[in-house]
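Since the structure comes first, as structure tokens, the remarks are kept for the end.
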There are 2 protein chains.
Amino acid sequence: MTTIYEVAAHAGVSPATVSRVLNGNRAVNGVMAERVRTSIDELGYRPSQVARSLRTQRSRTIAVIVPDIENPFFTSVVRGTEDEGRGAGLMTVVCNTDNDVERERGYLRLAVDQRMDGVILATDQHDLGEFMTTRGPAVTTVLIDRELDSLRLDAVLVDNVLGAKEATRHLIESGAHRVACITGPANVTTATQRLQGYQEAMREAGIRRDRSLVRHADYHSAGGRSAMAELMAAGRPDGVLVCNNMMTMGALQELSDQGVAVPGDLLLVGFDDEPWAPYWQPPVTTVAQPAREVGRSAIRLLLDRIADADSVPRRILLLPSLQVRASSHPRQRH
Amino acid sequence: MTTIYEVAAHAGVSPATVSRVLNGNRAVNGVMAERVRTSIDELGYRPSQVARSLRTQRSRTIAVIVPDIENPFFTSVVRGTEDEGRGAGLMTVVCNTDNDVERERGYLRLAVDQRMDGVILATDQHDLGEFMTTRGPAVTTVLIDRELDSLRLDAVLVDNVLGAKEATRHLIESGAHRVACITGPANVTTATQRLQGYQEAMREAGIRRDRSLVRHADYHSAGGRSAMAELMAAGRPDGVLVCNNMMTMGALQELSDQGVAVPGDLLLVGFDDEPWAPYWQPPVTTVAQPAREVGRSAIRLLLDRIADADSVPRRILLLPSLQVRASSHPRQRH
DNA sequence: ATGAAAGCGCTAACAC
DNA sequence: GTGTTAGCGCTTTCAT
């Protein structure tokens, strides 16, 4: 692999001059710069980022650590970080923890070991282990999607309460009287917030609280399915808010198996818009989260934080939007 | 950030000794090693991979470059490379090209610049630009999913001809007489191979070739949808093989919109098994590709290639398997 | 068994 | 405007 010295020799200049050309330093004679560029091309030279990082102490690389890369919400977030990062010359590395604490720790360690410029992290782990030192995180970190109040860090969140509230209100206005809610694990903030939004909407509609209409599941399809089965057994609801995309699939399957027509017998709204929500049968009304914007905002917070390590942590709250489709179409009056 | 020198000073030894402990060099006194480990813990020291890579000329990192990270086939491949790579101490970096030649070039360049140990690449680009030098690829490379005969490289492929052939035969045996095929772009090898498998099965069943039953689309849902619409207009088929997961969604939507019942009016088989295929309405019969195994095999080929740069390129062909579900259930005889 | 020292490939003072 | 040089944090001979 050719080095900067070989390029320098080839062009008859010093390595410093090559470095200047490489880094767009204007203080280089035009002719000489051109000669250097020619040598670079002829030799097919590519500067070693490794050497560069060691020297400059910056890697121009950030890690995005997510619990589930198969969840389209997170893939969209990654698109956002790539988009926004590219502009700042930042490369995005995707790390998938599969909700495994040990893998998460491993990736945090990796970010440190690689001396990455930043970490964008979605987790419900309040204890980040050795990664959190007394002087803050070992690598500049921005949280996304889930809140971790215990950590004083920048964060980009979505207004889950509002999203769930609007969705529930929509179900009620569309004619549902017994609206159920399948939310995520009780220890995940997004799940409790969405449940809260549901409860607020119910209260405001003057519907009395009925615990048999609420289920916590695991944010995966199988969990959504059994939760839906339980709800049907506990007393048929005529509307349901399913608080994430994976569980929505499971719930729909269970309803289909039981011969429950959507929206005929039951109105349904899911969470997390995604590429194929419109393609389902029926097309599913969802609370769309601005996933891409989450990624973009996270990069911006990260860059600000790198520029000024000492300012007070910021919290960006983005708004979701209801995408109305067939699964919640108002019931015909009989 | 603490360095190896500070650890050495803290433990009262030389940096060389710390390095030896770090790398499990047995030639170090037990007591001393223990003292070093204590210092490492106390200081929270993490060796810089950057400095390590510069010194050893190995990054222990590979790039997996795929055309579409939202396609579950590729996410599964990535899982495979992570699984298998972890064992060898390799870290997987995921790069998403969105089928964009420029982005692909960019990521190949990145692999070079970061002096990565290897690249696992899914592409239909026959020209890899400067990445391919006269002495082979700039970084050790293994191709996956798609064939590139022009490049003499290791590759892990799936027997697409066989998969499509079995699927088509299954459709015919299940009672379809006019079996259509929606395949991918004519310049992508997986698409032509799947089409070929379809054609072979049709020929062997003694069904005469009918070009109006074949459509090329773009491997995305919208393309699958319009292809399905065209097929229905051109003369209703009673069976269809859709050659990738995204297009299957589109085709199903079109059929639903037209009021065509699956499998009642038309039998359907898709390609690429995926997490939610069983959750669709109806659950979809698919040709499941061993995506994870593709990733694992690719890592193995890569490691072999790194160990021996001069052996002849190998080609691993994996077998797909038909997952029979409701969408192709044999028609009741009227 | 341990240490001293060179060097991986680059950048940034500093000198000219 | 350009060159010389030190040094980023490691690993690895080569001495001892």
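Going by the structure tokens order, chains are called A, B, ..., each with residues numbered from 1, while ligands are numbered from 1 in the order shown.
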Closest contacts (chain A/chain D, max 9 Å, only C-alpha atoms (C1' of nucleotides)) as a Markdown table:
| residue | atom | partner | partner_atom | distance |
| --- | --- | --- | --- | --- |
| A:Val13 | CA | D:DT2 | C1' | 8.4 |
| A:Ser14 | CA | D:DG3 | C1' | 6.2 |
| A:Pro15 | CA | D:DG3 | C1' | 8.7 |
| A:Ala16 | CA | D:DG3 | C1' | 7.5 |
| A:Thr17 | CA | D:DT2 | C1' | 7.0 |
| A:Ala27 | CA | D:DG1 | C1' | 6.4 |
| A:Val28 | CA | D:DG1 | C1' | 6.2 |
| A:Asn29 | CA | D:DG1 | C1' | 6.7 |
| A:Ala51 | CA | D:DC8 | C1' | 8.6 |
| A:Ser53 | CA | D:DC8 | C1' | 8.6 |
| A:Leu54 | CA | D:DC8 | C1' | 5.2 |
| A:Arg55 | CA | D:DC8 | C1' | 4.5 |
| A:Thr56 | CA | D:DC8 | C1' | 7.4 |
| A:Gln57 | CA | D:DC8 | C1' | 7.5 |
Rows by chain and residue number, chain A within 9 Å of chain B, shortest pair, only C-alpha atoms, as a tab-separated table:
residue	atom	partner	partner_atom	distance
A:Met1	CA	B:Ala138	CA	8.8
A:Gly44	CA	B:Glu130	CA	7.8
A:Arg46	CA	B:Asp113	CA	6.2
A:Pro47	CA	B:Asp113	CA	6.3
A:Ser48	CA	B:Asp113	CA	5.2
A:Gln49	CA	B:Gln114	CA	5.2
A:Val50	CA	B:Val50	CA	5.8
A:Ala51	CA	B:Leu54	CA	6.0
A:Ser53	CA	B:Val50	CA	6.8
A:Leu54	CA	B:Val50	CA	5.9
A:Ser59	CA	B:Val50	CA	8.8
A:Ile69	CA	B:Thr75	CA	7.3
A:Glu70	CA	B:Thr75	CA	6.7
A:Asn71	CA	B:Glu70	CA	8.8
A:Pro72	CA	B:Glu70	CA	6.9
A:Thr75	CA	B:Glu70	CA	6.6
A:Ser76	CA	B:Glu70	CA	8.6
A:Arg79	CA	B:Asn96	CA	8.9
A:Thr92	CA	B:Cys95	CA	8.5
A:Val93	CA	B:Val93	CA	5.8
A:Val94	CA	B:Val94	CA	5.9
A:Cys95	CA	B:Val93	CA	7.7
A:Asn96	CA	B:Arg79	CA	8.9
A:Arg109	CA	B:Arg46	CA	8.3
A:Leu110	CA	B:Gln49	CA	8.8
A:Val112	CA	B:Arg46	CA	7.4
A:Asp113	CA	B:Ser48	CA	5.2
A:Gln114	CA	B:Gln49	CA	5.2
A:Arg115	CA	B:Ser48	CA	6.9
A:Glu130	CA	B:Gly44	CA	7.7
A:Ala138	CA	B:Met1	CA	8.7
A:Ser221	CA	B:Trp276	CA	8.5
A:Met246	CA	B:Trp276	CA	8.7
A:Met249	CA	B:Tyr279	CA	6.2
A:Gly250	CA	B:Tyr279	CA	6.7
A:Leu252	CA	B:Tyr279	CA	7.8
A:Gln253	CA	B:Tyr279	CA	5.7
A:Ser256	CA	B:Gln281	CA	7.7
A:Pro275	CA	B:Glu70	CA	9.0
A:Trp276	CA	B:Met249	CA	7.4
A:Pro278	CA	B:Gln253	CA	8.7
A:Tyr279	CA	B:Gln253	CA	5.6
A:Trp280	CA	B:Gln253	CA	7.2
A:Gln281	CA	B:Gln281	CA	6.6
Practice prompt. Return as an NGL selection string the full set of residues in region 1-184 of chain A whose backbone-based DSSP assignment is helix (DSSP H, G or I).
Written response: :A and (4-11 or 15-22 or 30-43 or 49-56 or 72-87 or 101-113 or 129-131 or 160-173)
Item to complete: May I ask you to extract the residues of chain C within 9 Å of chain A, using only C-alpha atoms (C1' of nucleotides), and to give them as number ranges by chain?
Response: C: 8-11
Quick one: superpose chain B onto chain A using all C-alpha atoms paired in order, least squares, and give it to me as a CSV table (one decimal) with C-alpha atoms, in the first residue's frame.
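Below is the file part.csv, written as the result:
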chain,number,residue,atom,x,y,z
B,1,MET,CA,-0.2,0.0,-0.1
B,2,THR,CA,1.4,3.3,-1.2
B,3,THR,CA,2.2,5.8,1.5
B,4,ILE,CA,2.5,9.6,1.6
B,5,TYR,CA,6.3,9.2,1.3
B,6,GLU,CA,6.1,7.5,-2.0
B,7,VAL,CA,3.8,10.1,-3.3
B,8,ALA,CA,6.1,12.8,-2.1
B,9,ALA,CA,9.1,11.1,-3.7
B,10,HIS,CA,7.2,10.7,-7.0
B,11,ALA,CA,6.1,14.3,-7.0
B,12,GLY,CA,9.5,15.5,-5.9
B,13,VAL,CA,8.2,17.3,-2.8
B,14,SER,CA,8.1,16.6,1.0
B,15,PRO,CA,5.4,14.6,2.7
B,16,ALA,CA,4.3,17.7,4.4
B,17,THR,CA,3.4,19.3,1.1
B,18,VAL,CA,1.4,16.2,0.0
B,19,SER,CA,-0.4,16.4,3.3
B,20,ARG,CA,-1.2,20.0,2.8
B,21,VAL,CA,-2.6,19.3,-0.7
B,22,LEU,CA,-4.6,16.4,0.8
B,23,ASN,CA,-6.1,18.6,3.4
B,24,GLY,CA,-6.9,21.5,1.1
B,25,ASN,CA,-4.3,23.8,2.7
B,26,ARG,CA,-4.4,26.9,0.5
B,27,ALA,CA,-0.8,27.8,1.3
B,28,VAL,CA,0.6,25.7,-1.4
B,29,ASN,CA,1.8,26.7,-4.9
B,30,GLY,CA,-0.7,25.9,-7.6
B,31,VAL,CA,1.7,24.2,-10.0
B,32,MET,CA,3.2,22.1,-7.2
B,33,ALA,CA,-0.3,21.1,-5.9
B,34,GLU,CA,-1.2,20.0,-9.4
B,35,ARG,CA,2.0,17.9,-9.6
B,36,VAL,CA,1.1,16.3,-6.3
B,37,ARG,CA,-2.4,15.5,-7.4
B,38,THR,CA,-1.1,13.9,-10.6
B,39,SER,CA,1.2,11.7,-8.5
B,40,ILE,CA,-1.7,10.7,-6.2
B,41,ASP,CA,-3.8,9.7,-9.2
B,42,GLU,CA,-1.0,7.8,-10.9
B,43,LEU,CA,-0.1,5.9,-7.8
B,44,GLY,CA,-3.7,5.3,-6.9
B,45,TYR,CA,-2.8,6.7,-3.4
B,46,ARG,CA,-5.4,6.7,-0.7
B,47,PRO,CA,-4.4,8.2,2.7
B,48,SER,CA,-4.7,5.9,5.6
B,49,GLN,CA,-7.5,6.9,7.9
B,50,VAL,CA,-5.9,4.9,10.6
B,51,ALA,CA,-2.8,6.9,10.6
B,52,ARG,CA,-4.8,10.1,10.3
B,53,SER,CA,-7.0,9.2,13.2
B,54,LEU,CA,-4.0,8.3,15.4
B,55,ARG,CA,-2.4,11.7,14.6
B,56,THR,CA,-5.5,13.9,14.7
B,57,GLN,CA,-7.3,12.0,17.5
B,58,ARG,CA,-10.5,12.2,15.5
B,59,SER,CA,-12.0,9.3,13.5
B,60,ARG,CA,-14.8,11.1,11.7
B,61,THR,CA,-16.9,8.0,12.6
B,62,ILE,CA,-19.9,7.6,14.8
B,63,ALA,CA,-21.7,4.5,16.0
B,64,VAL,CA,-25.4,4.2,16.0
B,65,ILE,CA,-26.4,1.5,18.5
B,66,VAL,CA,-30.0,0.2,18.2
B,67,PRO,CA,-31.8,-2.7,19.8
B,68,ASP,CA,-33.2,-4.2,16.6
B,69,ILE,CA,-31.9,-3.5,13.1
B,70,GLU,CA,-34.9,-5.4,11.6
B,71,ASN,CA,-37.3,-2.8,13.0
B,72,PRO,CA,-37.9,-0.3,10.2
B,73,PHE,CA,-38.1,2.5,12.7
B,74,PHE,CA,-34.4,2.1,13.4
B,75,THR,CA,-33.4,1.6,9.8
B,76,SER,CA,-35.0,4.9,9.1
B,77,VAL,CA,-33.2,6.5,12.0
B,78,VAL,CA,-29.9,5.2,10.5
B,79,ARG,CA,-30.8,6.7,7.1
B,80,GLY,CA,-31.2,10.0,8.9
B,81,THR,CA,-27.8,9.8,10.6
B,82,GLU,CA,-26.2,8.8,7.3
B,83,ASP,CA,-27.8,11.7,5.5
B,84,GLU,CA,-27.0,14.3,8.0
B,85,GLY,CA,-23.6,12.8,8.8
B,86,ARG,CA,-22.4,12.8,5.2
B,87,GLY,CA,-22.6,16.5,5.1
B,88,ALA,CA,-20.3,16.8,8.1
B,89,GLY,CA,-17.9,14.2,6.8
B,90,LEU,CA,-19.1,11.7,9.4
B,91,MET,CA,-19.4,8.0,8.7
B,92,THR,CA,-22.1,6.0,10.3
B,93,VAL,CA,-21.5,2.6,11.7
B,94,VAL,CA,-24.6,0.5,12.6
B,95,CYS,CA,-24.5,-1.7,15.7
B,96,ASN,CA,-27.3,-4.1,16.4
B,97,THR,CA,-27.7,-5.2,20.1
B,98,ASP,CA,-30.7,-7.5,19.7
B,99,ASN,CA,-31.7,-6.1,23.0
B,100,ASP,CA,-28.8,-7.9,24.6
B,101,VAL,CA,-27.1,-6.0,27.4
B,102,GLU,CA,-23.8,-7.7,26.8
B,103,ARG,CA,-23.8,-6.9,23.1
B,104,GLU,CA,-24.7,-3.3,23.9
B,105,ARG,CA,-21.7,-3.1,26.3
B,106,GLY,CA,-19.6,-4.7,23.7
B,107,TYR,CA,-20.5,-2.0,21.1
B,108,LEU,CA,-20.0,0.8,23.6
B,109,ARG,CA,-16.6,-0.6,24.4
B,110,LEU,CA,-15.9,-0.7,20.6
B,111,ALA,CA,-16.8,2.9,20.3
B,112,VAL,CA,-14.2,3.7,22.9
B,113,ASP,CA,-11.6,1.4,21.5
B,114,GLN,CA,-12.0,2.8,18.0
B,115,ARG,CA,-11.9,6.3,19.5
B,116,MET,CA,-15.0,7.2,17.7
B,117,ASP,CA,-16.2,10.7,17.6
B,118,GLY,CA,-19.7,9.9,18.9
B,119,VAL,CA,-22.4,7.4,19.8
B,120,ILE,CA,-26.1,7.6,19.1
B,121,LEU,CA,-27.8,5.2,21.4
B,122,ALA,CA,-31.3,3.7,21.8
B,123,THR,CA,-31.5,1.7,25.0
B,124,ASP,CA,-33.5,1.1,28.1
B,125,GLN,CA,-30.4,0.2,30.1
B,126,HIS,CA,-30.0,2.8,32.8
B,127,ASP,CA,-26.6,1.4,33.7
B,128,LEU,CA,-24.1,1.8,30.9
B,129,GLY,CA,-21.3,0.3,33.0
B,130,GLU,CA,-17.8,1.5,32.6
B,131,PHE,CA,-18.9,3.6,29.6
B,132,MET,CA,-20.2,6.2,32.0
B,133,THR,CA,-17.3,7.7,33.9
B,134,THR,CA,-17.5,10.4,36.6
B,135,ARG,CA,-16.7,13.0,33.9
B,136,GLY,CA,-19.5,11.8,31.6
B,137,PRO,CA,-19.7,9.2,28.8
B,138,ALA,CA,-16.3,7.9,27.5
B,139,VAL,CA,-17.5,8.9,24.0
B,140,THR,CA,-19.8,11.9,23.3
B,141,THR,CA,-23.3,10.4,23.3
B,142,VAL,CA,-26.8,11.3,22.2
B,143,LEU,CA,-29.7,9.2,23.3
B,144,ILE,CA,-32.6,8.6,20.9
B,145,ASP,CA,-36.1,7.2,21.1
B,146,ARG,CA,-36.0,6.2,24.8
B,147,GLU,CA,-35.5,8.4,27.8
B,148,LEU,CA,-32.9,7.8,30.4
B,149,ASP,CA,-33.4,10.5,33.0
B,150,SER,CA,-30.7,9.1,35.2
B,151,LEU,CA,-28.2,10.0,32.6
B,152,ARG,CA,-27.7,13.7,31.9
B,153,LEU,CA,-27.3,13.4,28.2
B,154,ASP,CA,-28.6,15.0,25.0
B,155,ALA,CA,-31.6,13.2,23.6
B,156,VAL,CA,-33.9,13.2,20.7
B,157,LEU,CA,-37.4,11.9,21.5
B,158,VAL,CA,-40.8,11.6,20.0
B,159,ASP,CA,-43.9,12.8,21.7
B,160,ASN,CA,-45.3,9.4,22.4
B,161,VAL,CA,-48.0,10.6,24.7
B,162,LEU,CA,-49.4,12.9,22.1
B,163,GLY,CA,-49.2,10.3,19.4
B,164,ALA,CA,-51.0,7.6,21.4
B,165,LYS,CA,-53.6,10.2,22.5
B,166,GLU,CA,-54.4,11.3,19.0
B,167,ALA,CA,-54.6,7.7,17.8
B,168,THR,CA,-57.0,6.7,20.6
B,169,ARG,CA,-59.1,9.8,20.1
B,170,HIS,CA,-59.3,8.9,16.4
B,171,LEU,CA,-60.5,5.4,17.3
B,172,ILE,CA,-63.2,6.7,19.6
B,173,GLU,CA,-64.3,9.3,17.0
B,174,SER,CA,-64.4,6.6,14.4
B,175,GLY,CA,-67.0,4.7,16.4
B,176,ALA,CA,-65.1,2.5,18.8
B,177,HIS,CA,-66.5,2.3,22.4
B,178,ARG,CA,-64.4,-0.4,23.9
B,179,VAL,CA,-60.9,0.6,22.9
B,180,ALA,CA,-58.0,-1.7,24.0
B,181,CYS,CA,-54.3,-1.0,24.1
B,182,ILE,CA,-51.4,-3.3,23.6
B,183,THR,CA,-48.2,-1.5,24.7
B,184,GLY,CA,-44.6,-2.5,25.2
B,185,PRO,CA,-42.7,-3.6,28.3
B,186,ALA,CA,-43.4,-1.6,31.5
B,187,ASN,CA,-39.8,-0.7,31.9
B,188,VAL,CA,-39.5,0.9,28.5
B,189,THR,CA,-40.3,4.6,28.5
B,190,THR,CA,-41.9,4.6,25.0
B,191,ALA,CA,-44.3,1.9,26.2
B,192,THR,CA,-45.4,3.7,29.3
B,193,GLN,CA,-45.7,7.0,27.5
B,194,ARG,CA,-47.9,5.5,24.8
B,195,LEU,CA,-50.1,3.9,27.4
B,196,GLN,CA,-50.4,7.2,29.2
B,197,GLY,CA,-51.5,8.9,26.0
B,198,TYR,CA,-54.1,6.2,25.5
B,199,GLN,CA,-55.4,6.6,29.1
B,200,GLU,CA,-55.6,10.4,28.8
B,201,ALA,CA,-57.7,10.1,25.6
B,202,MET,CA,-60.0,7.6,27.2
B,203,ARG,CA,-60.4,9.8,30.3
B,204,GLU,CA,-61.1,12.9,28.2
B,205,ALA,CA,-63.7,11.0,26.3
B,206,GLY,CA,-65.4,10.2,29.6
B,207,ILE,CA,-64.8,6.4,29.2
B,208,ARG,CA,-64.2,4.8,32.5
B,209,ARG,CA,-61.0,3.0,33.0
B,210,ASP,CA,-61.0,-0.7,32.4
B,211,ARG,CA,-57.8,-2.6,33.1
B,212,SER,CA,-58.9,-5.6,31.2
B,213,LEU,CA,-58.5,-3.5,28.0
B,214,VAL,CA,-54.7,-3.0,28.5
B,215,ARG,CA,-51.9,-5.4,27.9
B,216,HIS,CA,-48.1,-5.1,28.1
B,217,ALA,CA,-46.2,-7.2,25.6
B,218,ASP,CA,-42.6,-7.4,24.3
B,219,TYR,CA,-42.7,-5.2,21.2
B,220,HIS,CA,-42.4,-8.4,19.0
B,221,SER,CA,-45.0,-10.0,16.8
B,222,ALA,CA,-45.5,-13.1,18.8
B,223,GLY,CA,-46.1,-11.0,21.9
B,224,GLY,CA,-48.6,-8.8,20.1
B,225,ARG,CA,-50.4,-11.8,18.9
B,226,SER,CA,-50.9,-13.4,22.3
B,227,ALA,CA,-51.8,-10.1,23.8
B,228,MET,CA,-54.5,-9.7,21.2
B,229,ALA,CA,-55.8,-13.2,21.9
B,230,GLU,CA,-56.1,-12.3,25.6
B,231,LEU,CA,-57.9,-9.1,24.9
B,232,MET,CA,-60.4,-10.9,22.7
B,233,ALA,CA,-61.0,-13.5,25.4
B,234,ALA,CA,-61.3,-11.0,28.2
B,235,GLY,CA,-64.2,-9.3,26.5
B,236,ARG,CA,-64.2,-8.3,22.9
B,237,PRO,CA,-63.0,-4.7,22.3
B,238,ASP,CA,-64.2,-2.9,19.2
B,239,GLY,CA,-61.1,-0.9,18.8
B,240,VAL,CA,-57.4,-1.4,19.6
B,241,LEU,CA,-54.2,0.7,19.7
B,242,VAL,CA,-51.1,-1.5,19.1
B,243,CYS,CA,-48.1,0.4,20.2
B,244,ASN,CA,-45.4,-0.8,17.8
B,245,ASN,CA,-45.1,-2.2,14.3
B,246,MET,CA,-44.0,-5.7,15.1
B,247,MET,CA,-46.8,-6.3,17.6
B,248,THR,CA,-49.3,-4.9,15.0
B,249,MET,CA,-48.4,-7.8,12.7
B,250,GLY,CA,-49.0,-10.3,15.4
B,251,ALA,CA,-52.3,-8.7,16.4
B,252,LEU,CA,-53.6,-8.7,12.8
B,253,GLN,CA,-52.7,-12.3,12.4
B,254,GLU,CA,-54.6,-13.3,15.6
B,255,LEU,CA,-57.6,-11.3,14.5
B,256,SER,CA,-57.6,-12.9,11.1
B,257,ASP,CA,-57.3,-16.3,12.6
B,258,GLN,CA,-60.3,-15.6,14.8
B,259,GLY,CA,-62.3,-14.4,11.9
B,260,VAL,CA,-62.5,-10.9,13.3
B,261,ALA,CA,-62.8,-8.4,10.4
B,262,VAL,CA,-60.8,-5.2,10.5
B,263,PRO,CA,-62.2,-2.6,10.3
B,264,GLY,CA,-65.6,-4.3,10.1
B,265,ASP,CA,-65.7,-5.8,13.6
B,266,LEU,CA,-62.8,-3.9,15.2
B,267,LEU,CA,-60.9,-0.7,14.4
B,268,LEU,CA,-57.2,-0.8,14.6
B,269,VAL,CA,-54.4,1.7,14.8
B,270,GLY,CA,-50.7,0.7,14.9
B,271,PHE,CA,-47.6,2.6,15.9
B,272,ASP,CA,-44.5,3.3,13.8
B,273,ASP,CA,-45.2,3.9,10.1
B,274,GLU,CA,-43.1,1.8,7.8
B,275,PRO,CA,-42.7,0.9,4.2
B,276,TRP,CA,-45.2,-1.8,4.1
B,277,ALA,CA,-48.0,-0.5,6.4
B,278,PRO,CA,-49.9,0.6,3.4
B,279,TYR,CA,-49.5,-2.8,1.8
B,280,TRP,CA,-51.1,-4.8,4.5
B,281,GLN,CA,-54.6,-6.1,4.3
B,282,PRO,CA,-56.2,-3.9,5.3
B,283,PRO,CA,-53.8,-1.0,5.0
B,284,VAL,CA,-53.1,0.0,8.6
B,285,THR,CA,-53.6,3.4,10.2
B,286,THR,CA,-50.5,4.2,12.1
B,287,VAL,CA,-48.9,6.8,14.3
B,288,ALA,CA,-46.0,7.7,12.1
B,289,GLN,CA,-42.8,8.7,13.9
B,290,PRO,CA,-40.4,11.1,12.1
B,291,ALA,CA,-37.7,8.4,12.3
B,292,ARG,CA,-35.4,9.9,9.8
B,293,GLU,CA,-35.6,13.3,11.5
B,294,VAL,CA,-34.7,11.6,14.7
B,295,GLY,CA,-31.4,10.5,13.2
B,296,ARG,CA,-30.7,13.9,11.6
B,297,SER,CA,-31.4,15.8,14.9
B,298,ALA,CA,-29.2,13.4,16.8
B,299,ILE,CA,-26.3,14.2,14.5
B,300,ARG,CA,-26.9,17.9,15.0
B,301,LEU,CA,-26.9,17.5,18.8
B,302,LEU,CA,-23.8,15.4,18.6
B,303,LEU,CA,-21.9,18.0,16.6
B,304,ASP,CA,-23.0,20.8,18.9
B,305,ARG,CA,-21.9,18.7,21.9
B,306,ILE,CA,-18.5,18.0,20.4
B,307,ALA,CA,-18.1,21.7,19.7
B,308,ASP,CA,-19.1,22.6,23.3
B,309,ALA,CA,-18.7,19.9,25.8
B,310,ASP,CA,-19.9,21.9,28.8
B,311,SER,CA,-23.3,23.3,27.8
B,312,VAL,CA,-26.4,22.0,29.5
B,313,PRO,CA,-27.8,18.8,27.9
B,314,ARG,CA,-30.6,19.4,25.4
B,315,ARG,CA,-33.7,17.4,24.7
B,316,ILE,CA,-35.4,17.6,21.3
B,317,LEU,CA,-39.0,16.4,21.2
B,318,LEU,CA,-40.4,15.6,17.7
B,319,LEU,CA,-44.0,15.2,16.8
B,320,PRO,CA,-45.6,12.1,15.4
B,321,SER,CA,-48.4,12.2,12.8
B,322,LEU,CA,-51.5,10.0,12.4
B,323,GLN,CA,-51.6,8.3,9.0
B,324,VAL,CA,-55.3,7.3,8.5
B,325,ARG,CA,-55.8,4.3,6.4
B,326,ALA,CA,-58.5,1.6,6.0
B,327,SER,CA,-58.0,-0.3,9.3
B,328,SER,CA,-59.7,2.5,11.2
B,329,HIS,CA,-62.3,3.6,8.7
B,330,PRO,CA,-65.5,4.7,10.5
B,331,ARG,CA,-67.9,2.0,11.0
B,332,GLN,CA,-71.2,2.1,9.0
B,333,ARG,CA,-74.2,2.6,11.2
B,334,HIS,CA,-76.4,-0.5,11.2
Taking the DSSP assignment computed from this structure's backbone, write out as a compact mmCIF listing (two decimals) with N, CA and C atoms, in the first residue's frame all residues of region 115-211 of chain B that belong to strand (DSSP E).
# COMPACT_ATOMS: atom_id res chain seq x y z
N GLY B 118 -11.37 -6.84 5.29
CA GLY B 118 -12.12 -7.50 4.23
C GLY B 118 -13.39 -6.78 3.86
N VAL B 119 -13.94 -7.15 2.69
CA VAL B 119 -15.19 -6.60 2.22
C VAL B 119 -16.10 -7.75 1.78
N ILE B 120 -17.35 -7.69 2.21
CA ILE B 120 -18.35 -8.64 1.72
C ILE B 120 -19.35 -7.82 0.94
N LEU B 121 -19.49 -8.17 -0.33
CA LEU B 121 -20.16 -7.25 -1.26
C LEU B 121 -21.28 -7.90 -2.06
N MET B 132 -10.71 -2.24 -8.00
CA MET B 132 -10.08 -3.41 -8.62
C MET B 132 -8.78 -2.97 -9.29
N THR B 133 -7.67 -3.41 -8.74
CA THR B 133 -6.38 -3.10 -9.34
C THR B 133 -5.95 -4.30 -10.17
N GLY B 136 -5.68 -7.50 -8.22
CA GLY B 136 -6.88 -7.91 -7.50
C GLY B 136 -7.51 -6.76 -6.75
N PRO B 137 -8.50 -7.05 -5.91
CA PRO B 137 -9.20 -5.98 -5.20
C PRO B 137 -8.27 -5.32 -4.18
N THR B 141 -11.88 -9.40 -0.87
CA THR B 141 -13.32 -9.29 -1.08
C THR B 141 -14.00 -10.62 -1.37
N VAL B 142 -15.19 -10.78 -0.79
CA VAL B 142 -16.03 -11.94 -1.10
C VAL B 142 -17.37 -11.42 -1.60
N LEU B 143 -17.80 -11.94 -2.73
CA LEU B 143 -19.10 -11.54 -3.27
C LEU B 143 -20.19 -12.39 -2.65
N ILE B 144 -21.38 -11.83 -2.48
CA ILE B 144 -22.52 -12.63 -2.03
C ILE B 144 -23.74 -12.33 -2.88
N ASP B 154 -13.89 -14.83 -4.74
CA ASP B 154 -14.67 -15.79 -3.97
C ASP B 154 -16.12 -15.32 -3.94
N ALA B 155 -17.04 -16.27 -3.85
CA ALA B 155 -18.44 -15.88 -3.83
C ALA B 155 -19.29 -16.89 -3.07
N VAL B 156 -20.33 -16.39 -2.42
CA VAL B 156 -21.33 -17.26 -1.79
C VAL B 156 -22.66 -16.97 -2.46
N LEU B 157 -23.22 -17.99 -3.10
CA LEU B 157 -24.44 -17.78 -3.86
C LEU B 157 -25.51 -18.77 -3.41
N VAL B 158 -26.74 -18.47 -3.82
CA VAL B 158 -27.84 -19.38 -3.53
C VAL B 158 -28.33 -19.96 -4.86
N VAL B 179 -49.30 -20.28 -14.99
CA VAL B 179 -48.44 -19.74 -13.95
C VAL B 179 -47.61 -18.58 -14.49
N ALA B 180 -47.74 -17.43 -13.84
CA ALA B 180 -46.98 -16.25 -14.25
C ALA B 180 -45.73 -16.11 -13.39
N CYS B 181 -44.84 -15.22 -13.82
CA CYS B 181 -43.61 -14.99 -13.07
C CYS B 181 -43.25 -13.51 -13.09
N ILE B 182 -43.07 -12.95 -11.91
CA ILE B 182 -42.57 -11.57 -11.82
C ILE B 182 -41.15 -11.67 -11.28
N THR B 183 -40.19 -11.33 -12.13
CA THR B 183 -38.81 -11.43 -11.68
C THR B 183 -38.17 -10.04 -11.62
